[in-house]
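In what follows, a single structure is set out as structure tokens and then discussed.
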Amino acid sequence: MKIKFNANIIKEVINSVSKIMIVISLMQVIPIITSLLYKEYNIGVCFGLGMCISIIISSIMYLITSKYVSVKSNFGTSLAIASITWVIASMFSALSLFFCGDYNTYMDAFFDSMSGFTTSGFSLIQDLDHVSHGVNIWRHLIGYIGGNGILVFALAFLIRNGKNSFQMYEAEGKDEKIFPSTKHTAKVIWKISTVFLIIGILIMTVIGIVIGLNIESAIFHGICNYMSAWSTCGFGPMSQNVLYYHSGIFEFALMIFMLLGCFNFILHFTVIEKNKKEIFKNIEIRTIVTTILIFIVGISAILIQNNIYNGGINYFRKVAFQVISANTGTGSATMYPAQFIYSWKPFAIGILVLAMLFGGSMSSTAGGFKALRISVILKGIIEDIKKMTYSEGTVVTKKIHHIKDMVLSNELFKSAATIVISYIIVFVITTGFTSMYGHNLELSMFESASVVGNVGLTCGIVKPLMPRFLKYWYIFVMWICRLEFISVFALISFAIKAIKKRGVTKIEIED
């Protein structure tokens, strides 16, 4: 495969990114309206200012490059659009957050913005309990947009369907379609997400009223918590996160929505429209359910042995919630960060590290290795061991079921192993960087797994006063892991070659 990358392609990338940024910037109308409803007029002005700056810059770039939209795009274009869009979206969205005055620096606001779009759920915001409704709605909204996919949104409503549209869809870490048309697939994904949004907010609002919140608060907290759970982002409107509500019903509902959010969008469509039995046959669902049960049993056994909690219901509420939150990549918590350090034993924390790294389904809102890759690698290893016992000349074709039967080929195994190994390498490097600042190995591994898996659970390392280098590195890791490496590696390769060959108008990369 040959990928051409020239000056006109760069302008086309800027044009496409600018168009997407205009629409995402316009979505700040939602926090503006929220601010007006709650009489937070100064916050409304801040969002209005941030929105105007973003739209003006994006519009200028769009108009300057508009004549290059007819340039024949290629896979490199799609990769570049995917990589750059997430960075620019985070930069522009951070403007309004910074103007609102809840962050020490613009970099802290950018950290939170990237954390939201990548559905990581870490936060450097100050005094979250007293943050305005407008800021809170925007934080949760960018998590919701990022969970469903910025480019999926663009393909559904902005970008015309073409032969390179699937390449753009794939560049965002998704590689499965519901329909032959990528645009149709993107629209269905957003339709499914919108239907669940309405149902989820209604359920969480009712639960909020039942547990004692007034109607206004129940609606607001219902919106925030549902969007956080579905997008597996983990943001919360209160500093205590889910612990604030002290409600088993509230926690149980969020566990259901976290699981639904980490399931493959194509699986949702298949179960709803075609085959209800797919949910029992699908290898990803089996893997996720199996790993969650193993992790819950393992951690519970350790905590029971050390008599950490009293009563079985407490173990279920604490262990099951944290494990599901970790394994789905959500990052919501019913515990203070210090409790991970002082209450849970090292081996229990180690199991939670695995849960965060494993992640949810392919083509979902979740991060991590992904259940399908874990299944492919494990089954591939098992099949290789079995082949040693077969007689010479025996040919056995192994299949796995994911929406449809798939042949467990060497190519599929190598592809899964490459991505998982990439995650592990970044995890090891991040653990090393974190431990350089005086944190022990156990806590460094916990925080690093949370960053790499785009989870957001923290043992207290991520905070406004954390070292500046760690902020930069964590931002990079959240970005590169959310896009699953390929598009970011391609962008870096293009940038390096462009710098080395500044006088060359066309760069060709052969694969």
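Ordered as shown in the structure tokens, chains take letters A, B, and onward, while each chain numbers its residues from 1 and ligands are numbered from 1 in the order shown.
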
message = Give me, as a list in words, all polymer residues having an atom no more than 12 Å from Tyr423 of chain A, counting only C-alpha atoms and skipping those fewer than 6 positions away in the same chain.
response = Met356, Leu357, Phe358, Gly359, Gly367, Gly368, Phe369, Lys370, Arg373, Ala416, Ala417, Ile429, Thr430, Ser448, Ala449, Ser450, Val451, Val452, Gly453, Asn454, Val477, Met478, Ile480, Cys481, Arg482, Leu483, Glu484, Phe485 and Ile486 of chain A

Residues near segment 198-206 of chain A, cut-off 7 Å, only C-alpha atoms, skip fewer than 5 positions along chain, as a PyMOL selection string = chain A and resi 218-219+222-223+226

ask   = Given the choices A:Phe235, A:Tyr245, A:Trp230, A:Phe469, which gets closest to Phe257 of chain A if the distance is worked out from only C-alpha atoms?
value =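 Closest to Phe257 of chain A, using only C-alpha atoms: A:Trp230.
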
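In this comparison, which uses only C-alpha atoms, the residue of A:Ile299, A:Ile145, A:Ile22, A:Ala82 approaching Met227 of chain A most closely is A:Ile145.
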
request  = For each of A:Ile313, A:Leu457, A:Ile207, A:Val319, take the minimum atom-to-atom distance to Ser332 of chain A, counting only C-alpha atoms, then give the residue where this is smallest.
outcome  =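 Using only C-alpha atoms, Ser332 of chain A sits closest to A:Leu457.
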
ask   = Of the residues A:Lys404, A:Lys277, A:Lys67, A:Lys414, which is the one nearest to Val376 of chain A, using only C-alpha atoms?
value =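 Smallest distance to Val376 of chain A is found for A:Lys414.
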
request  = May I have all residues of segment 17-220 of chain A that DSSP, computed from the backbone, assigns to helix (DSSP H, G or I), given as a ChimeraX atom specification?
outcome  = /A:17-26,29-37,41-68,75-99,106-117,128-130,133-148,150-157,165-171,182-210,215-220

Output for the residues just chosen: C-alpha atoms as a short mmCIF file (atom, residue, chain, number, x, y, z; two decimals), in the first residue's frame:
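result34.cif, freshly written:
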```
data_model
loop_
_atom_site.label_atom_id
_atom_site.label_comp_id
_atom_site.auth_asym_id
_atom_site.auth_seq_id
_atom_site.Cartn_x
_atom_site.Cartn_y
_atom_site.Cartn_z
CA VAL A 17 -10.84 19.49 10.90
CA SER A 18 -12.04 23.12 10.75
CA LYS A 19 -15.51 22.07 9.61
CA ILE A 20 -15.80 19.61 12.49
CA MET A 21 -14.55 22.23 14.96
CA ILE A 22 -17.20 24.73 13.90
CA VAL A 23 -19.97 22.26 14.76
CA ILE A 24 -18.39 21.12 18.04
CA SER A 25 -17.87 24.76 19.04
CA LEU A 26 -21.54 25.49 18.31
CA VAL A 29 -24.78 26.67 23.11
CA ILE A 30 -25.92 23.89 25.48
CA PRO A 31 -23.81 25.06 28.47
CA ILE A 32 -24.72 28.65 27.60
CA ILE A 33 -28.44 27.82 27.84
CA THR A 34 -27.78 25.85 31.03
CA SER A 35 -25.96 28.82 32.54
CA LEU A 36 -28.83 31.15 31.68
CA LEU A 37 -31.39 28.77 33.21
CA TYR A 41 -24.65 34.81 33.61
CA ASN A 42 -20.89 35.24 33.94
CA ILE A 43 -20.39 31.56 33.05
CA GLY A 44 -22.65 32.00 30.04
CA VAL A 45 -20.48 34.90 28.89
CA CYS A 46 -17.32 32.79 29.30
CA PHE A 47 -18.76 30.01 27.14
CA GLY A 48 -19.98 32.56 24.61
CA LEU A 49 -16.47 34.04 24.38
CA GLY A 50 -14.82 30.63 24.05
CA MET A 51 -17.34 29.56 21.43
CA CYS A 52 -16.84 32.73 19.36
CA ILE A 53 -13.04 32.44 19.41
CA SER A 54 -13.23 28.78 18.36
CA ILE A 55 -15.73 29.45 15.57
CA ILE A 56 -13.81 32.47 14.21
CA ILE A 57 -10.49 30.60 14.06
CA SER A 58 -12.13 27.47 12.57
CA SER A 59 -14.08 29.52 10.01
CA ILE A 60 -10.98 31.38 8.86
CA MET A 61 -9.07 28.12 8.41
CA TYR A 62 -12.05 26.58 6.61
CA LEU A 63 -12.39 29.47 4.16
CA ILE A 64 -8.64 29.59 3.46
CA THR A 65 -8.54 25.87 2.59
CA SER A 66 -12.02 25.45 1.06
CA LYS A 67 -10.73 25.16 -2.53
CA TYR A 68 -8.78 22.01 -1.63
CA PHE A 75 -5.69 6.67 4.10
CA GLY A 76 -3.03 9.08 5.37
CA THR A 77 -5.56 11.91 5.21
CA SER A 78 -8.03 9.95 7.31
CA LEU A 79 -5.36 9.14 9.90
CA ALA A 80 -4.28 12.77 10.10
CA ILE A 81 -7.85 14.03 10.45
CA ALA A 82 -8.51 11.54 13.26
CA SER A 83 -5.35 12.45 15.18
CA ILE A 84 -5.55 16.21 14.79
CA THR A 85 -9.30 16.52 15.40
CA TRP A 86 -9.04 15.14 18.93
CA VAL A 87 -6.22 17.53 19.85
CA ILE A 88 -7.84 20.65 18.35
CA ALA A 89 -11.23 19.78 19.84
CA SER A 90 -9.62 19.50 23.28
CA MET A 91 -7.72 22.79 22.82
CA PHE A 92 -10.80 24.75 21.75
CA SER A 93 -13.07 23.22 24.38
CA ALA A 94 -10.53 24.05 27.08
CA LEU A 95 -10.79 27.78 26.29
CA SER A 96 -14.26 28.13 27.81
CA LEU A 97 -13.35 25.94 30.77
CA PHE A 98 -10.32 28.13 31.48
CA PHE A 99 -12.27 31.38 31.10
CA TYR A 106 -5.00 26.69 30.69
CA MET A 107 -2.97 23.46 30.63
CA ASP A 108 -5.12 22.09 33.47
CA ALA A 109 -8.25 22.93 31.49
CA PHE A 110 -6.73 21.29 28.41
CA PHE A 111 -5.92 18.21 30.51
CA ASP A 112 -9.57 17.93 31.56
CA SER A 113 -10.81 18.57 28.04
CA MET A 114 -8.61 15.81 26.62
CA SER A 115 -9.64 13.60 29.52
CA GLY A 116 -13.28 14.20 28.62
CA PHE A 117 -13.04 13.61 24.88
CA LEU A 128 -15.75 20.56 42.04
CA ASP A 129 -18.57 20.72 44.60
CA HIS A 130 -19.06 24.41 43.84
CA HIS A 133 -23.94 23.95 36.25
CA GLY A 134 -22.75 25.21 32.87
CA VAL A 135 -19.21 23.93 33.38
CA ASN A 136 -20.46 20.60 34.66
CA ILE A 137 -22.79 20.10 31.71
CA TRP A 138 -19.98 20.88 29.26
CA ARG A 139 -17.57 18.47 31.00
CA HIS A 140 -20.08 15.65 30.73
CA LEU A 141 -21.15 16.59 27.20
CA ILE A 142 -17.62 16.39 25.80
CA GLY A 143 -17.29 12.98 27.44
CA TYR A 144 -20.51 11.91 25.75
CA ILE A 145 -19.34 13.21 22.35
CA GLY A 146 -15.92 11.59 22.74
CA GLY A 147 -17.41 8.28 23.83
CA ASN A 148 -19.58 8.01 20.75
CA ILE A 150 -15.95 12.74 17.25
CA LEU A 151 -15.38 11.40 13.74
CA VAL A 152 -18.42 9.15 13.99
CA PHE A 153 -20.37 12.35 14.68
CA ALA A 154 -18.69 14.05 11.71
CA LEU A 155 -19.40 11.13 9.39
CA ALA A 156 -23.04 11.04 10.49
CA PHE A 157 -23.81 14.71 9.97
CA SER A 165 -15.09 7.41 4.79
CA PHE A 166 -14.51 3.96 6.29
CA GLN A 167 -10.80 4.74 6.56
CA MET A 168 -11.70 7.78 8.66
CA TYR A 169 -14.11 5.68 10.72
CA GLU A 170 -11.40 3.06 11.22
CA ALA A 171 -8.80 5.68 12.12
CA THR A 182 -20.19 4.18 6.69
CA LYS A 183 -22.35 7.29 6.93
CA HIS A 184 -25.43 5.12 7.55
CA THR A 185 -23.51 3.18 10.20
CA ALA A 186 -22.46 6.42 11.92
CA LYS A 187 -26.04 7.69 11.96
CA VAL A 188 -27.30 4.43 13.47
CA ILE A 189 -24.64 4.62 16.19
CA TRP A 190 -25.80 8.10 17.16
CA LYS A 191 -29.46 7.04 16.92
CA ILE A 192 -28.83 4.13 19.32
CA SER A 193 -26.92 6.43 21.65
CA THR A 194 -29.69 9.06 21.59
CA VAL A 195 -32.43 6.53 22.38
CA PHE A 196 -30.41 5.21 25.32
CA LEU A 197 -29.74 8.82 26.39
CA ILE A 198 -33.45 9.60 26.73
CA ILE A 199 -34.24 6.35 28.52
CA GLY A 200 -31.19 6.60 30.78
CA ILE A 201 -31.84 10.19 31.86
CA LEU A 202 -35.46 9.34 32.70
CA ILE A 203 -34.40 6.34 34.80
CA MET A 204 -31.64 8.21 36.64
CA THR A 205 -33.97 11.18 37.26
CA VAL A 206 -36.63 8.94 38.79
CA ILE A 207 -34.02 7.24 40.98
CA GLY A 208 -32.72 10.66 42.02
CA ILE A 209 -36.20 11.69 43.16
CA VAL A 210 -36.65 8.38 45.01
CA ILE A 215 -36.84 17.41 40.79
CA GLU A 216 -34.44 20.06 39.51
CA SER A 217 -31.40 18.40 41.08
CA ALA A 218 -32.58 14.94 40.07
CA ILE A 219 -32.77 15.97 36.42
CA PHE A 220 -29.35 17.64 36.46
#
```

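Within the 10 Å cut-off around Gly331 of chain A, using only C-alpha atoms and omitting residues fewer than 3 positions from it on the same chain, the listed residues are A:Thr119, A:Ser120, A:Gly121, A:Phe122, A:Ser228, A:Ala229, A:Thr232, A:Cys233, A:Gly234, A:Phe235, A:Gly236, A:Asn241, A:Met258, A:Phe321, A:Gln322, A:Val323, A:Ile324, A:Ser325, A:Ala326, A:Asn327, A:Thr328, A:Met356, A:Ser450, A:Gly453, A:Asn454, A:Val455, A:Gly456, A:Leu457, A:Thr458.
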
Take the selection from the previous step and output its residues with N, CA and C atoms, as a JSON list (two decimals), in the first residue's frame.
```json
[["chain", "number", "residue", "atom", "x", "y", "z"],
["A", 119, "THR", "N", -12.67, 10.05, 27.07],
["A", 119, "THR", "CA", -13.46, 9.33, 28.08],
["A", 119, "THR", "C", -12.60, 8.78, 29.21],
["A", 120, "SER", "N", -11.53, 9.49, 29.53],
["A", 120, "SER", "CA", -10.65, 9.04, 30.62],
["A", 120, "SER", "C", -11.23, 9.37, 31.98],
["A", 121, "GLY", "N", -11.77, 10.59, 32.13],
["A", 121, "GLY", "CA", -12.45, 10.93, 33.37],
["A", 121, "GLY", "C", -11.58, 11.47, 34.48],
["A", 122, "PHE", "N", -10.29, 11.70, 34.23],
["A", 122, "PHE", "CA", -9.45, 12.38, 35.22],
["A", 122, "PHE", "C", -9.83, 13.85, 35.25],
["A", 228, "SER", "N", -22.06, 10.18, 31.81],
["A", 228, "SER", "CA", -20.77, 9.69, 32.28],
["A", 228, "SER", "C", -20.69, 8.17, 32.22],
["A", 229, "ALA", "N", -21.77, 7.49, 32.60],
["A", 229, "ALA", "CA", -21.78, 6.03, 32.60],
["A", 229, "ALA", "C", -21.82, 5.47, 31.19],
["A", 232, "THR", "N", -18.69, 5.84, 29.33],
["A", 232, "THR", "CA", -17.59, 5.26, 30.13],
["A", 232, "THR", "C", -16.51, 6.31, 30.39],
["A", 233, "CYS", "N", -16.97, 7.51, 30.75],
["A", 233, "CYS", "CA", -16.04, 8.62, 30.99],
["A", 233, "CYS", "C", -15.68, 8.73, 32.46],
["A", 234, "GLY", "N", -16.67, 8.68, 33.36],
["A", 234, "GLY", "CA", -16.36, 8.69, 34.78],
["A", 234, "GLY", "C", -16.39, 10.04, 35.45],
["A", 235, "PHE", "N", -16.61, 11.13, 34.68],
["A", 235, "PHE", "CA", -16.78, 12.42, 35.32],
["A", 235, "PHE", "C", -17.99, 12.37, 36.26],
["A", 236, "GLY", "N", -17.99, 13.20, 37.27],
["A", 236, "GLY", "CA", -19.14, 13.31, 38.16],
["A", 236, "GLY", "C", -19.33, 14.77, 38.53],
["A", 241, "ASN", "N", -17.91, 11.85, 43.73],
["A", 241, "ASN", "CA", -18.36, 11.01, 42.62],
["A", 241, "ASN", "C", -19.63, 10.28, 43.02],
["A", 258, "MET", "N", -23.02, 1.41, 32.63],
["A", 258, "MET", "CA", -21.60, 1.27, 32.31],
["A", 258, "MET", "C", -21.37, 0.05, 31.42],
["A", 321, "PHE", "N", -18.93, -2.66, 42.05],
["A", 321, "PHE", "CA", -18.97, -1.35, 41.38],
["A", 321, "PHE", "C", -17.60, -0.95, 40.87],
["A", 322, "GLN", "N", -16.58, -1.08, 41.72],
["A", 322, "GLN", "CA", -15.22, -0.68, 41.31],
["A", 322, "GLN", "C", -14.70, -1.56, 40.16],
["A", 323, "VAL", "N", -14.98, -2.85, 40.21],
["A", 323, "VAL", "CA", -14.51, -3.75, 39.16],
["A", 323, "VAL", "C", -15.20, -3.45, 37.83],
["A", 324, "ILE", "N", -16.52, -3.28, 37.85],
["A", 324, "ILE", "CA", -17.25, -2.97, 36.62],
["A", 324, "ILE", "C", -16.81, -1.62, 36.08],
["A", 325, "SER", "N", -16.63, -0.65, 36.96],
["A", 325, "SER", "CA", -16.16, 0.67, 36.55],
["A", 325, "SER", "C", -14.79, 0.58, 35.90],
["A", 326, "ALA", "N", -13.90, -0.25, 36.48],
["A", 326, "ALA", "CA", -12.55, -0.40, 35.94],
["A", 326, "ALA", "C", -12.55, -1.16, 34.63],
["A", 327, "ASN", "N", -13.27, -2.30, 34.59],
["A", 327, "ASN", "CA", -13.24, -3.16, 33.41],
["A", 327, "ASN", "C", -13.93, -2.51, 32.19],
["A", 328, "THR", "N", -14.94, -1.69, 32.46],
["A", 328, "THR", "CA", -15.61, -0.99, 31.34],
["A", 328, "THR", "C", -14.89, 0.29, 30.95],
["A", 356, "MET", "N", -8.55, -2.59, 34.52],
["A", 356, "MET", "CA", -8.47, -1.32, 33.81],
["A", 356, "MET", "C", -7.78, -1.49, 32.45],
["A", 450, "SER", "N", -4.76, 3.21, 34.70],
["A", 450, "SER", "CA", -5.95, 4.03, 34.54],
["A", 450, "SER", "C", -5.81, 5.01, 33.38],
["A", 453, "GLY", "N", -5.67, 2.83, 30.03],
["A", 453, "GLY", "CA", -6.97, 2.25, 29.72],
["A", 453, "GLY", "C", -8.07, 3.28, 29.55],
["A", 454, "ASN", "N", -7.71, 4.58, 29.63],
["A", 454, "ASN", "CA", -8.70, 5.67, 29.56],
["A", 454, "ASN", "C", -9.82, 5.44, 30.57],
["A", 455, "VAL", "N", -9.41, 5.18, 31.82],
["A", 455, "VAL", "CA", -10.37, 4.83, 32.87],
["A", 455, "VAL", "C", -10.72, 6.02, 33.75],
["A", 456, "GLY", "N", -9.74, 6.54, 34.49],
["A", 456, "GLY", "CA", -10.00, 7.69, 35.34],
["A", 456, "GLY", "C", -10.04, 7.41, 36.83],
["A", 457, "LEU", "N", -10.00, 6.13, 37.24],
["A", 457, "LEU", "CA", -9.85, 5.84, 38.66],
["A", 457, "LEU", "C", -8.47, 6.34, 39.11],
["A", 458, "THR", "N", -8.40, 6.90, 40.29],
["A", 458, "THR", "CA", -7.13, 7.45, 40.73],
["A", 458, "THR", "C", -6.87, 7.10, 42.19]]
```

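Take atom CA of Ser435 of chain A and atom CA of Ala301 of chain A: the distance between them is 28.8 Å.
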
request  = Using only C-alpha atoms, pick whichever of A:His246, A:His401, A:Lys463, A:Lys345 has the shortest atom-to-atom distance to Phe280 of chain A.
outcome  =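 Result for the nearest residue to Phe280 of chain A: A:His401.
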
Residue among A:Gly248, A:Gly350, A:Pro337, A:Gly380 lying closest to Phe316 of chain A, counting only C-alpha atoms = A:Gly248
